[in-house]
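Enquirer: Compact mmCIF, C-alpha atoms (C1' of nucleotides), file run-v8.txt:
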```txt
# COMPACT_ATOMS: atom_id res chain seq x y z
CA MET I 22 -8.23 -15.52 26.39
CA GLU I 23 -4.99 -17.45 26.63
CA LEU I 24 -1.54 -16.11 25.92
CA PRO I 25 -0.94 -17.81 22.56
CA GLU I 26 -4.24 -16.53 21.20
CA ALA I 27 -3.64 -13.06 22.61
CA LYS I 28 -0.21 -13.01 21.02
CA LEU I 29 -1.67 -13.85 17.62
CA LYS I 30 -4.29 -11.14 17.99
CA PHE I 31 -1.67 -8.61 18.88
CA ILE I 32 0.51 -9.54 15.91
CA GLU I 33 -2.47 -9.38 13.60
CA ALA I 34 -3.65 -6.01 14.91
CA TRP I 35 -0.20 -4.50 14.72
CA GLY I 36 0.23 -5.77 11.18
CA LYS I 37 -3.08 -4.32 10.12
CA LEU I 38 -2.38 -0.94 11.66
CA GLY I 39 1.00 -0.88 9.98
CA SER I 40 -0.38 -1.68 6.56
CA GLU I 41 -3.01 1.04 6.91
CA TRP I 42 -0.22 3.51 7.59
CA GLY I 43 1.97 2.52 4.70
CA ILE I 44 4.23 0.13 6.58
CA ASN I 45 4.72 -3.36 5.19
CA ARG I 46 2.40 -5.71 7.04
CA THR I 47 5.05 -8.36 7.57
CA MET I 48 7.49 -5.85 8.95
CA ALA I 49 4.93 -4.72 11.50
CA GLN I 50 4.18 -8.33 12.39
CA VAL I 51 7.81 -9.23 12.92
CA HIS I 52 8.11 -6.15 15.08
CA ALA I 53 5.07 -7.20 17.10
CA LEU I 54 6.48 -10.69 17.57
CA LEU I 55 9.78 -9.36 18.85
CA LEU I 56 8.01 -6.86 21.08
CA VAL I 57 6.28 -9.57 23.04
CA SER I 58 9.29 -11.86 23.16
CA PRO I 59 11.30 -11.55 26.36
CA GLU I 60 14.35 -13.02 24.65
CA ALA I 61 16.03 -12.14 21.39
CA LEU I 62 14.95 -14.46 18.56
CA THR I 63 16.83 -16.04 15.67
CA THR I 64 15.85 -15.62 12.05
CA GLU I 65 14.75 -19.24 12.17
CA ALA I 66 12.40 -18.60 15.08
CA VAL I 67 10.84 -15.62 13.31
CA MET I 68 10.36 -17.70 10.14
CA ASP I 69 8.67 -20.46 12.10
CA GLU I 70 6.40 -18.31 14.23
CA LEU I 71 5.10 -16.25 11.33
CA SER I 72 5.45 -18.85 8.57
CA ILE I 73 7.51 -16.63 6.32
CA SER I 74 10.47 -17.41 4.10
CA ARG I 75 14.10 -16.99 5.02
CA GLY I 76 14.58 -14.18 2.51
CA ASN I 77 11.59 -12.27 3.76
CA ALA I 78 12.62 -12.65 7.40
CA ASN I 79 16.13 -11.51 6.63
CA MET I 80 15.11 -8.39 4.71
CA THR I 81 12.40 -7.45 7.18
CA LEU I 82 14.77 -7.74 10.13
CA ARG I 83 17.29 -5.58 8.33
CA ASP I 84 14.62 -2.93 7.72
CA LEU I 85 13.64 -2.98 11.38
CA ILE I 86 17.27 -2.42 12.26
CA ASP I 87 17.38 0.52 9.81
CA TRP I 88 14.40 2.01 11.58
CA GLY I 89 16.24 1.71 14.88
CA LEU I 90 13.58 -0.57 16.34
CA VAL I 91 15.56 -3.79 16.53
CA GLU I 92 19.15 -4.67 17.29
CA LYS I 93 21.34 -7.64 16.50
CA GLN I 94 22.69 -9.57 19.43
CA HIS I 95 25.37 -12.22 19.59
CA LYS I 96 25.45 -14.91 22.19
CA THR I 97 28.89 -16.05 23.25
CA GLY I 98 29.77 -19.44 21.88
CA GLU I 99 27.05 -19.26 19.22
CA ARG I 100 27.29 -18.32 15.58
CA LYS I 101 23.66 -17.49 15.08
CA GLU I 102 22.49 -13.90 15.18
CA TYR I 103 19.74 -12.95 17.55
CA PHE I 104 17.30 -10.08 17.16
CA TYR I 105 15.98 -8.04 20.02
CA ALA I 106 13.35 -5.29 19.89
CA GLU I 107 13.52 -2.01 21.73
CA LYS I 108 10.74 -2.29 24.30
CA ASP I 109 10.19 1.28 25.45
CA THR I 110 7.11 2.54 23.64
CA TRP I 111 8.01 6.20 23.80
CA THR I 112 11.36 5.42 22.18
CA ILE I 113 9.56 3.39 19.52
CA ALA I 114 7.17 6.23 18.82
CA ARG I 115 10.03 8.68 18.55
CA ARG I 116 12.06 6.49 16.24
CA VAL I 117 9.10 6.02 13.92
CA ALA I 118 8.27 9.72 13.97
CA GLU I 119 11.88 10.62 13.32
CA GLU I 120 12.24 8.24 10.41
CA ARG I 121 9.01 9.20 8.71
CA LYS I 122 9.65 12.88 9.18
CA LYS I 123 13.02 12.46 7.51
CA ARG I 124 11.77 10.27 4.68
CA GLU I 125 8.43 11.87 3.94
CA LEU I 126 7.67 15.16 5.63
CA ASP I 127 10.99 16.89 5.01
CA PRO I 128 10.97 16.36 1.22
CA VAL I 129 7.41 17.63 0.96
CA ILE I 130 8.21 20.71 3.01
CA LYS I 131 11.07 21.46 0.68
CA ILE I 132 8.79 21.29 -2.35
CA LEU I 133 6.07 23.33 -0.65
CA SER I 134 8.42 26.15 0.18
CA GLN I 135 9.59 26.24 -3.43
CA LEU I 136 6.02 26.26 -4.67
CA SER I 137 4.97 29.03 -2.33
CA GLU I 138 7.61 31.19 -4.00
CA VAL I 139 6.00 30.89 -7.42
CA LYS I 140 5.00 34.35 -8.69
CA GLY I 141 2.03 35.11 -10.88
CA ASP I 142 -0.74 37.46 -11.83
CA GLU I 143 -2.67 38.52 -8.72
CA LYS I 144 -5.78 39.02 -10.81
CA ASP I 145 -5.72 35.45 -12.11
CA ALA I 146 -8.14 33.35 -10.06
CA ALA I 147 -6.19 30.18 -10.87
CA PHE I 148 -2.99 31.70 -9.53
CA LYS I 149 -4.67 33.09 -6.45
CA ALA I 150 -6.21 29.74 -5.57
CA PHE I 151 -2.91 27.92 -6.10
CA ASN I 152 -0.93 30.42 -4.10
CA SER I 153 -3.34 30.54 -1.22
CA SER I 154 -3.67 26.74 -0.89
CA VAL I 155 0.04 26.12 -1.15
CA THR I 156 0.93 28.88 1.29
CA ASN I 157 -1.55 27.65 3.86
CA ILE I 158 -0.50 24.03 3.58
CA ASN I 159 3.08 25.16 3.86
CA LYS I 160 2.33 26.96 7.11
CA LEU I 161 0.53 23.97 8.58
CA ALA I 162 3.33 21.64 7.53
CA ASN I 163 5.86 23.86 9.26
CA ASN I 164 3.81 23.83 12.43
CA VAL I 165 3.64 20.06 12.36
CA ASN I 166 7.33 19.95 11.68
CA LYS I 167 8.20 22.15 14.64
CA THR I 168 5.96 20.11 16.89
CA LEU I 169 7.66 16.89 15.77
CA GLU I 170 11.08 18.35 16.34
CA THR I 171 10.11 19.25 19.85
CA MET I 172 8.64 15.85 20.46
CA LEU I 173 11.80 14.16 19.28
CA LYS I 174 13.72 15.89 22.01
CA ALA I 175 11.16 15.45 24.73
CA GLU I 176 10.55 12.87 27.42
CA GLU I 177 7.18 11.18 27.22
CA ASN I 178 5.95 12.32 30.59
CA TRP I 179 6.99 15.82 29.91
CA PHE I 180 5.48 15.87 26.44
CA PHE I 181 2.04 14.49 27.15
CA GLY I 182 2.02 15.88 30.66
CA ALA I 183 2.55 19.36 29.30
CA ILE I 184 -0.08 18.93 26.62
CA PHE I 185 -2.69 17.74 29.04
CA LYS I 186 -1.96 20.46 31.50
CA ILE I 187 -3.03 22.97 28.90
CA PHE I 188 -6.07 21.15 27.69
CA LYS I 189 -7.43 20.58 31.12
CA LYS I 190 -10.05 23.09 32.02
CA MET A 273 8.63 28.20 -12.43
CA GLU A 274 5.34 28.81 -14.19
CA LEU A 275 1.92 28.03 -12.81
CA PRO A 276 1.13 24.92 -14.91
CA GLU A 277 4.42 23.30 -13.94
CA ALA A 278 3.99 24.28 -10.30
CA LYS A 279 0.50 22.80 -10.32
CA LEU A 280 1.82 19.49 -11.64
CA LYS A 281 4.55 19.42 -9.02
CA PHE A 282 2.05 20.06 -6.30
CA ILE A 283 -0.26 17.30 -7.51
CA GLU A 284 2.64 14.92 -7.76
CA ALA A 285 3.99 15.75 -4.30
CA TRP A 286 0.58 15.46 -2.70
CA GLY A 287 -0.01 12.13 -4.41
CA LYS A 288 3.32 10.78 -3.22
CA LEU A 289 2.81 11.90 0.35
CA GLY A 290 -0.65 10.35 0.33
CA SER A 291 0.56 7.00 -0.92
CA GLU A 292 3.33 6.90 1.69
CA TRP A 293 0.68 7.35 4.35
CA GLY A 294 -1.68 4.70 3.08
CA ILE A 295 -3.95 6.95 1.06
CA ASN A 296 -4.62 6.03 -2.54
CA ARG A 297 -2.33 8.07 -4.75
CA THR A 298 -5.06 9.01 -7.19
CA MET A 299 -7.35 10.16 -4.42
CA ALA A 300 -4.65 12.46 -3.10
CA GLN A 301 -3.99 13.78 -6.60
CA VAL A 302 -7.63 14.52 -7.28
CA HIS A 303 -7.75 16.29 -3.94
CA ALA A 304 -4.68 18.33 -4.85
CA LEU A 305 -6.19 19.28 -8.20
CA LEU A 306 -9.40 20.48 -6.59
CA LEU A 307 -7.47 22.31 -3.89
CA VAL A 308 -5.76 24.55 -6.40
CA SER A 309 -8.85 25.05 -8.54
CA PRO A 310 -10.73 28.25 -7.75
CA GLU A 311 -13.89 26.83 -9.32
CA ALA A 312 -15.65 23.53 -8.81
CA LEU A 313 -14.76 20.98 -11.49
CA THR A 314 -16.79 18.36 -13.33
CA THR A 315 -15.93 14.68 -13.40
CA GLU A 316 -14.95 15.19 -17.03
CA ALA A 317 -12.48 17.94 -16.11
CA VAL A 318 -10.88 15.77 -13.44
CA MET A 319 -10.58 12.88 -15.90
CA ASP A 320 -8.92 15.10 -18.48
CA GLU A 321 -6.51 16.90 -16.18
CA LEU A 322 -5.24 13.72 -14.54
CA SER A 323 -5.78 11.30 -17.45
CA ILE A 324 -7.80 8.83 -15.44
CA SER A 325 -10.86 6.80 -16.37
CA ARG A 326 -14.44 7.76 -15.68
CA GLY A 327 -14.91 4.96 -13.18
CA ASN A 328 -11.83 5.89 -11.27
CA ALA A 329 -12.74 9.58 -11.17
CA ASN A 330 -16.24 8.77 -9.97
CA MET A 331 -15.13 6.45 -7.18
CA THR A 332 -12.34 8.72 -6.04
CA LEU A 333 -14.62 11.74 -5.87
CA ARG A 334 -17.11 9.76 -3.85
CA ASP A 335 -14.38 8.75 -1.42
CA LEU A 336 -13.29 12.36 -1.04
CA ILE A 337 -16.87 13.27 -0.24
CA ASP A 338 -16.97 10.48 2.37
CA TRP A 339 -13.88 11.94 3.95
CA GLY A 340 -15.62 15.32 4.13
CA LEU A 341 -12.97 16.96 1.96
CA VAL A 342 -15.05 17.63 -1.14
CA GLU A 343 -18.66 18.61 -1.78
CA LYS A 344 -20.95 18.27 -4.74
CA GLN A 345 -22.27 21.46 -6.23
CA HIS A 346 -25.03 22.01 -8.73
CA LYS A 347 -25.13 24.94 -11.10
CA THR A 348 -28.60 26.22 -11.94
CA GLY A 349 -29.65 25.28 -15.43
CA GLU A 350 -27.03 22.52 -15.69
CA ARG A 351 -27.33 18.81 -15.21
CA LYS A 352 -23.67 18.10 -14.58
CA GLU A 353 -22.38 17.76 -11.06
CA TYR A 354 -19.51 19.93 -9.92
CA PHE A 355 -16.98 19.11 -7.22
CA TYR A 356 -15.47 21.65 -4.90
CA ALA A 357 -12.78 21.10 -2.28
CA GLU A 358 -12.78 22.51 1.22
CA LYS A 359 -9.91 25.02 1.17
CA ASP A 360 -9.22 25.66 4.85
CA THR A 361 -6.15 23.61 5.72
CA TRP A 362 -6.90 23.31 9.41
CA THR A 363 -10.33 21.92 8.58
CA ILE A 364 -8.72 19.49 6.14
CA ALA A 365 -6.24 18.35 8.77
CA ARG A 366 -9.03 17.83 11.27
CA ARG A 367 -11.21 15.89 8.85
CA VAL A 368 -8.35 13.57 7.96
CA ALA A 369 -7.40 13.10 11.61
CA GLU A 370 -11.01 12.42 12.54
CA GLU A 371 -11.55 9.88 9.80
CA ARG A 372 -8.34 7.97 10.40
CA LYS A 373 -8.84 7.96 14.12
CA LYS A 374 -12.28 6.47 13.60
CA ARG A 375 -11.20 3.92 11.01
CA GLU A 376 -7.84 2.87 12.38
CA LEU A 377 -6.94 4.07 15.84
CA ASP A 378 -10.25 3.34 17.57
CA PRO A 379 -10.37 -0.35 16.51
CA VAL A 380 -6.79 -0.90 17.62
CA ILE A 381 -7.41 0.75 20.98
CA LYS A 382 -10.35 -1.57 21.48
CA ILE A 383 -8.20 -4.62 20.86
CA LEU A 384 -5.34 -3.31 22.99
CA SER A 385 -7.57 -2.76 25.98
CA GLN A 386 -8.88 -6.33 25.63
CA LEU A 387 -5.37 -7.67 25.37
CA SER A 388 -4.15 -5.75 28.38
CA GLU A 389 -6.79 -7.61 30.40
CA VAL A 390 -5.31 -11.01 29.60
CA LYS A 391 -4.23 -12.73 32.81
CA GLY A 392 -1.34 -15.11 33.17
CA ASP A 393 1.46 -16.44 35.27
CA GLU A 394 3.53 -13.58 36.66
CA LYS A 395 6.57 -15.83 36.77
CA ASP A 396 6.34 -16.64 33.07
CA ALA A 397 8.76 -14.43 31.16
CA ALA A 398 6.69 -14.75 28.00
CA PHE A 399 3.60 -13.51 29.80
CA LYS A 400 5.45 -10.70 31.52
CA ALA A 401 6.92 -9.43 28.24
CA PHE A 402 3.54 -9.61 26.50
CA ASN A 403 1.74 -7.89 29.31
CA SER A 404 4.25 -5.14 29.69
CA SER A 405 4.46 -4.32 25.98
CA VAL A 406 0.72 -4.37 25.45
CA THR A 407 0.03 -2.29 28.54
CA ASN A 408 2.57 0.32 27.56
CA ILE A 409 1.40 0.56 23.97
CA ASN A 410 -2.13 0.82 25.26
CA LYS A 411 -1.19 3.77 27.42
CA LEU A 412 0.57 5.54 24.59
CA ALA A 413 -2.34 4.92 22.24
CA ASN A 414 -4.71 6.44 24.77
CA ASN A 415 -2.51 9.50 25.07
CA VAL A 416 -2.49 9.94 21.32
CA ASN A 417 -6.21 9.43 21.29
CA LYS A 418 -6.85 12.11 23.89
CA THR A 419 -4.60 14.53 22.07
CA LEU A 420 -6.46 13.91 18.82
CA GLU A 421 -9.80 14.42 20.51
CA THR A 422 -8.60 17.74 21.80
CA MET A 423 -7.30 18.70 18.40
CA LEU A 424 -10.61 17.86 16.78
CA LYS A 425 -12.34 20.39 18.97
CA ALA A 426 -9.66 23.06 18.81
CA GLU A 427 -8.97 26.03 16.60
CA GLU A 428 -5.65 25.93 14.82
CA ASN A 429 -4.27 29.02 16.50
CA TRP A 430 -5.24 27.82 19.89
CA PHE A 431 -3.92 24.32 19.30
CA PHE A 432 -0.49 25.18 18.01
CA GLY A 433 -0.32 28.31 20.11
CA ALA A 434 -0.86 26.25 23.24
CA ILE A 435 1.70 23.68 22.21
CA PHE A 436 4.33 26.25 21.39
CA LYS A 437 3.74 28.17 24.55
CA ILE A 438 4.90 25.12 26.48
CA PHE A 439 7.95 24.51 24.44
CA LYS A 440 9.20 28.04 24.52
CA LYS A 441 11.94 28.54 27.05
C1' DA Q 133 41.88 -25.78 2.57
C1' DA Q 134 37.93 -28.28 3.06
C1' DT Q 135 33.63 -28.40 5.41
C1' DA Q 136 29.87 -26.85 8.10
C1' DT Q 137 27.03 -23.15 9.66
C1' DC Q 138 24.81 -19.23 8.98
C1' DT Q 139 23.49 -14.85 6.14
C1' DT Q 140 22.37 -12.31 2.03
C1' DT Q 141 20.82 -11.67 -2.60
C1' DC Q 142 17.72 -11.49 -6.37
C1' DA Q 143 15.16 -13.48 -10.54
C1' DT Q 144 10.64 -15.43 -10.33
C1' DT Q 145 6.35 -16.20 -8.54
C1' DT Q 146 2.49 -14.99 -5.91
C1' DG Q 147 -0.69 -11.84 -3.97
C1' DT Q 148 -2.84 -7.29 -3.51
C1' DT Q 149 -4.42 -2.97 -5.02
C1' DT Q 150 -5.78 0.05 -8.47
C1' DT Q 151 -7.65 1.19 -12.88
C1' DT Q 152 -10.27 0.54 -16.83
C1' DG Q 153 -14.29 0.82 -19.71
C1' DA Q 154 -18.40 -1.01 -21.25
C1' DA Q 155 -22.87 -1.87 -19.57
C1' DA Q 156 -26.48 -0.85 -16.44
C1' DG Q 157 -28.71 2.63 -13.85
C1' DT Q 158 -30.69 7.15 -13.06
C1' DT Q 159 -32.55 11.62 -13.90
C1' DT Q 160 -34.28 15.32 -16.67
C1' DG Q 161 -36.76 17.50 -20.39
C1' DG Q 162 -39.47 17.34 -24.48
C1' DC H 220 -42.99 7.48 -22.56
C1' DC H 221 -38.75 8.12 -24.97
C1' DA H 222 -34.27 9.48 -25.55
C1' DA H 223 -30.45 12.24 -24.31
C1' DA H 224 -27.32 13.48 -20.63
C1' DC H 225 -25.16 12.16 -17.04
C1' DT H 226 -23.65 8.83 -13.04
C1' DT H 227 -22.60 4.46 -11.03
C1' DT H 228 -21.14 -0.27 -10.97
C1' DC H 229 -18.14 -4.10 -11.30
C1' DA H 230 -15.77 -7.98 -13.77
C1' DA H 231 -11.59 -8.19 -15.93
C1' DA H 232 -6.99 -6.32 -16.86
C1' DA H 233 -3.05 -3.94 -15.62
C1' DA H 234 0.08 -2.21 -12.41
C1' DC H 235 2.33 -2.62 -8.27
C1' DA H 236 4.20 -4.64 -4.06
C1' DA H 237 5.67 -8.43 -1.38
C1' DA H 238 7.35 -13.12 -0.75
C1' DT H 239 9.76 -17.20 -2.14
C1' DG H 240 13.66 -20.23 -2.24
C1' DA H 241 17.63 -21.75 -4.38
C1' DA H 242 22.11 -20.24 -5.09
C1' DA H 243 25.92 -17.43 -3.88
C1' DG H 244 28.46 -15.25 -0.21
C1' DA H 245 30.38 -15.02 4.32
C1' DT H 246 32.57 -16.66 8.38
C1' DA H 247 34.01 -19.79 11.64
C1' DT H 248 35.76 -24.63 12.73
C1' DT H 249 38.62 -28.75 12.24
```
So that I can check it, write out the structure of this file as structure tokens.
Expert:
Amino acid sequence: MELPEAKLKFIEAWGKLGSEWGINRTMAQVHALLLVSPEALTTEAVMDELSISRGNANMTLRDLIDWGLVEKQHKTGERKEYFYAEKDTWTIARRVAEERKKRELDPVIKILSQLSEVKGDEKDAAFKAFNSSVTNINKLANNVNKTLETMLKAEENWFFGAIFKIFKK
Amino acid sequence: MELPEAKLKFIEAWGKLGSEWGINRTMAQVHALLLVSPEALTTEAVMDELSISRGNANMTLRDLIDWGLVEKQHKTGERKEYFYAEKDTWTIARRVAEERKKRELDPVIKILSQLSEVKGDEKDAAFKAFNSSVTNINKLANNVNKTLETMLKAEENWFFGAIFKIFKK
DNA sequence: AATATCTTTCATTTGTTTTTGAAAGTTTGG
DNA sequence: CCAAACTTTCAAAAACAAATGAAAGATATT
């Protein structure tokens, strides 16, 4: 397989994975493109490589910046803006985890803890089922949350290294 | 807050979380409804509670069965089918992790390992950037994969217990 | 202060996903 | 074998999400 073909495959795979996980396909593709580009790219270059419109490229790049995955660069003597992707995968993983935790997990945990406070008749099967499910999900969510918080502080080697050390017989 | 309102909030929150993670909102809502129901429900009951069509209820319930989250039950002397949700949250988490790993992570890992085999000119910046990104993502993906495999075999207490033991000072 | 270069916005259009509901299919019991 | 009870299918419609591109907004240059 030659580089150009491999590049396309990578962009396609990354886009698909993104869309399966609730991330806009194009955003994932732009990210993939920047990831494999040694140099920062202009909006124009992104538009051309992925055949997308100016508006789409602009908004997608802004979103990637919001996620902390891409940064604007300016070249001296040039007016154009250049976009460069963070290349360290562990940093990428942490940024994504951080952002999704904040946007999605935290709000749900808030609701769950409210709902696990709901009082009712202990003899009512409907109440018992509700209470038990919500309480258990709440506990699991808090475990996940604590694990994520730890991960956000950790170094990759330390994090996975430590996990594997335990799981190794 | 009273039970009926709490139930609605739970269904809504679960549906929202699902849709943010690439799971059909209705599927997550049906799952939530069954989770807080002490008894198995009929298709009819699901349709009524969530105001969805027969076709939608039928397909969604089948999907939940495919995911291993819901089972059909038959009551003696009745022709109707009843649907009952697995209530153990750790089992739910494992089923979801297992299914998504199989459907989404495994295919991507396959592609990544192909792409990290691509050979090219070591002096070509484009090749070097491609190779380095793909190789690193491949490594991270394999770490995640191994961790998931361990999780799929583990008991909740052991899994989180082991993780927390590490992180405790 | 006029022009050229580049960026951002957003009303419309296009594309994708989900839902509907009527019809076809299946199973059970008389 | 028939009909009632129930389930499944799937083409069409509705709902939703993403992309377009022209126009407006910036910012630098002469």
Enquirer: Would you mind listing what lies within 9 Å of region 144-149 of chain I as a PDB file with C-alpha atoms, in the frame of the given file, with all atoms listed in the file counted and same-chain residues fewer than 5 positions away left out?
Expert:
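Generated output (part05.pdb):
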```pdb
ATOM      1  CA  SER I 154      -3.670  26.740  -0.890  1.00  0.00           C
TER       2      SER I 154
ATOM      3  CA  LEU A 275       1.920  28.030 -12.810  1.00  0.00           C
ATOM      4  CA  VAL A 308      -5.760  24.550  -6.400  1.00  0.00           C
ATOM      5  CA  SER A 309      -8.850  25.050  -8.540  1.00  0.00           C
ATOM      6  CA  PRO A 310     -10.730  28.250  -7.750  1.00  0.00           C
ATOM      7  CA  GLU A 311     -13.890  26.830  -9.320  1.00  0.00           C
TER       8      GLU A 311
END
```
Enquirer: Between CA of Lys167 (chain I) and CA of Thr110 (chain I), what distance in Å does the model show, to one decimal?
Expert: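 These atoms are spaced 21.6 Å apart.
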Enquirer: Please provide the set of residues having any atom within 12 Å of DC229 (chain H), restricted to all atoms listed in the file, with same-chain residues fewer than 6 positions apart removed, written as a CSV table (one decimal) with C-alpha atoms (C1' of nucleotides), keeping the file's coordinate frame.
Expert:
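Full text of around36.csv as output:
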```csv
chain,number,residue,atom,x,y,z
A,327,GLY,CA,-14.9,5.0,-13.2
A,328,ASN,CA,-11.8,5.9,-11.3
A,331,MET,CA,-15.1,6.4,-7.2
Q,151,DT,C1',-7.6,1.2,-12.9
Q,152,DT,C1',-10.3,0.5,-16.8
Q,153,DG,C1',-14.3,0.8,-19.7
Q,154,DA,C1',-18.4,-1.0,-21.2
Q,155,DA,C1',-22.9,-1.9,-19.6
Q,156,DA,C1',-26.5,-0.8,-16.4
```
Enquirer: Distance CA of Met423 (chain A)-CA of Glu125 (chain I), one decimal place?
Expert: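 Between CA of Met423 (chain A) and CA of Glu125 (chain I) the gap is 22.4 Å.
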Enquirer: I need the contact residues of chain I against chain A, so if you could list those with any atom within 8 Å, counting all atoms listed in the file, and return them as an MDAnalysis selection string, that would help.
Expert: chainID I and resid 22:24 27:28 31 34 38 40:43 56:59 108:111 125:126 129 132:133 136 139:141 146:152 154:155 157:158 161 164 168 171 181 183:185 187:188
Enquirer: Could you save the residues just selected, with C-alpha atoms, as a PDB file, keeping the file's coordinate frame?
Expert:
```pdb
ATOM      1  CA  MET I  22      -8.230 -15.520  26.390  1.00  0.00           C
ATOM      2  CA  GLU I  23      -4.990 -17.450  26.630  1.00  0.00           C
ATOM      3  CA  LEU I  24      -1.540 -16.110  25.920  1.00  0.00           C
ATOM      4  CA  ALA I  27      -3.640 -13.060  22.610  1.00  0.00           C
ATOM      5  CA  LYS I  28      -0.210 -13.010  21.020  1.00  0.00           C
ATOM      6  CA  PHE I  31      -1.670  -8.610  18.880  1.00  0.00           C
ATOM      7  CA  ALA I  34      -3.650  -6.010  14.910  1.00  0.00           C
ATOM      8  CA  LEU I  38      -2.380  -0.940  11.660  1.00  0.00           C
ATOM      9  CA  SER I  40      -0.380  -1.680   6.560  1.00  0.00           C
ATOM     10  CA  GLU I  41      -3.010   1.040   6.910  1.00  0.00           C
ATOM     11  CA  TRP I  42      -0.220   3.510   7.590  1.00  0.00           C
ATOM     12  CA  GLY I  43       1.970   2.520   4.700  1.00  0.00           C
ATOM     13  CA  LEU I  56       8.010  -6.860  21.080  1.00  0.00           C
ATOM     14  CA  VAL I  57       6.280  -9.570  23.040  1.00  0.00           C
ATOM     15  CA  SER I  58       9.290 -11.860  23.160  1.00  0.00           C
ATOM     16  CA  PRO I  59      11.300 -11.550  26.360  1.00  0.00           C
ATOM     17  CA  LYS I 108      10.740  -2.290  24.300  1.00  0.00           C
ATOM     18  CA  ASP I 109      10.190   1.280  25.450  1.00  0.00           C
ATOM     19  CA  THR I 110       7.110   2.540  23.640  1.00  0.00           C
ATOM     20  CA  TRP I 111       8.010   6.200  23.800  1.00  0.00           C
ATOM     21  CA  GLU I 125       8.430  11.870   3.940  1.00  0.00           C
ATOM     22  CA  LEU I 126       7.670  15.160   5.630  1.00  0.00           C
ATOM     23  CA  VAL I 129       7.410  17.630   0.960  1.00  0.00           C
ATOM     24  CA  ILE I 132       8.790  21.290  -2.350  1.00  0.00           C
ATOM     25  CA  LEU I 133       6.070  23.330  -0.650  1.00  0.00           C
ATOM     26  CA  LEU I 136       6.020  26.260  -4.670  1.00  0.00           C
ATOM     27  CA  VAL I 139       6.000  30.890  -7.420  1.00  0.00           C
ATOM     28  CA  LYS I 140       5.000  34.350  -8.690  1.00  0.00           C
ATOM     29  CA  GLY I 141       2.030  35.110 -10.880  1.00  0.00           C
ATOM     30  CA  ALA I 146      -8.140  33.350 -10.060  1.00  0.00           C
ATOM     31  CA  ALA I 147      -6.190  30.180 -10.870  1.00  0.00           C
ATOM     32  CA  PHE I 148      -2.990  31.700  -9.530  1.00  0.00           C
ATOM     33  CA  LYS I 149      -4.670  33.090  -6.450  1.00  0.00           C
ATOM     34  CA  ALA I 150      -6.210  29.740  -5.570  1.00  0.00           C
ATOM     35  CA  PHE I 151      -2.910  27.920  -6.100  1.00  0.00           C
ATOM     36  CA  ASN I 152      -0.930  30.420  -4.100  1.00  0.00           C
ATOM     37  CA  SER I 154      -3.670  26.740  -0.890  1.00  0.00           C
ATOM     38  CA  VAL I 155       0.040  26.120  -1.150  1.00  0.00           C
ATOM     39  CA  ASN I 157      -1.550  27.650   3.860  1.00  0.00           C
ATOM     40  CA  ILE I 158      -0.500  24.030   3.580  1.00  0.00           C
ATOM     41  CA  LEU I 161       0.530  23.970   8.580  1.00  0.00           C
ATOM     42  CA  ASN I 164       3.810  23.830  12.430  1.00  0.00           C
ATOM     43  CA  THR I 168       5.960  20.110  16.890  1.00  0.00           C
ATOM     44  CA  THR I 171      10.110  19.250  19.850  1.00  0.00           C
ATOM     45  CA  PHE I 181       2.040  14.490  27.150  1.00  0.00           C
ATOM     46  CA  ALA I 183       2.550  19.360  29.300  1.00  0.00           C
ATOM     47  CA  ILE I 184      -0.080  18.930  26.620  1.00  0.00           C
ATOM     48  CA  PHE I 185      -2.690  17.740  29.040  1.00  0.00           C
ATOM     49  CA  ILE I 187      -3.030  22.970  28.900  1.00  0.00           C
ATOM     50  CA  PHE I 188      -6.070  21.150  27.690  1.00  0.00           C
TER      51      PHE I 188
END
```
Enquirer: Between CA of Lys425 (chain A) and CA of Leu341 (chain A), what is the distance in Å, rounded to a tenth?
Expert: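 Separating CA of Lys425 (chain A) from CA of Leu341 (chain A) is a distance of 17.4 Å.
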Enquirer: Would you give me, as a CSV table (one decimal) with C-alpha atoms, in the coordinates of the input, the residues of chain A that come within 12 Å of chain H, using all atoms listed in the file?
Expert:
```csv
chain,number,residue,atom,x,y,z
A,314,THR,CA,-16.8,18.4,-13.3
A,315,THR,CA,-15.9,14.7,-13.4
A,316,GLU,CA,-15.0,15.2,-17.0
A,326,ARG,CA,-14.4,7.8,-15.7
A,327,GLY,CA,-14.9,5.0,-13.2
A,328,ASN,CA,-11.8,5.9,-11.3
A,329,ALA,CA,-12.7,9.6,-11.2
A,330,ASN,CA,-16.2,8.8,-10.0
A,331,MET,CA,-15.1,6.4,-7.2
A,333,LEU,CA,-14.6,11.7,-5.9
A,334,ARG,CA,-17.1,9.8,-3.8
A,350,GLU,CA,-27.0,22.5,-15.7
A,351,ARG,CA,-27.3,18.8,-15.2
A,352,LYS,CA,-23.7,18.1,-14.6
A,353,GLU,CA,-22.4,17.8,-11.1
A,354,TYR,CA,-19.5,19.9,-9.9
```
Enquirer: For chain Q, report every residue with an atom at most 10 Å from chain I (counting all atoms listed in the file), formatted as an NGL selection string.
Expert: :Q and (137-142)
Enquirer: Using only C-alpha atoms, find the one residue out of A:Leu280, A:Leu322, A:Leu424, A:Ala312 that sits nearest to Val342 (chain A).
Expert: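 Smallest separation from Val342 (chain A) among the options: A:Ala312.
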Enquirer: How big is the axis-aligned box around the listed atoms of region 134-142 of chain Q once 6 Å is added on each side, and where is its centre? Give both in Å to one decimal, as JSON.
Expert:
```
{"center_x": 27.8, "center_y": -19.9, "center_z": 1.6, "size_x": 32.2, "size_y": 28.9, "size_z": 28.0}
```
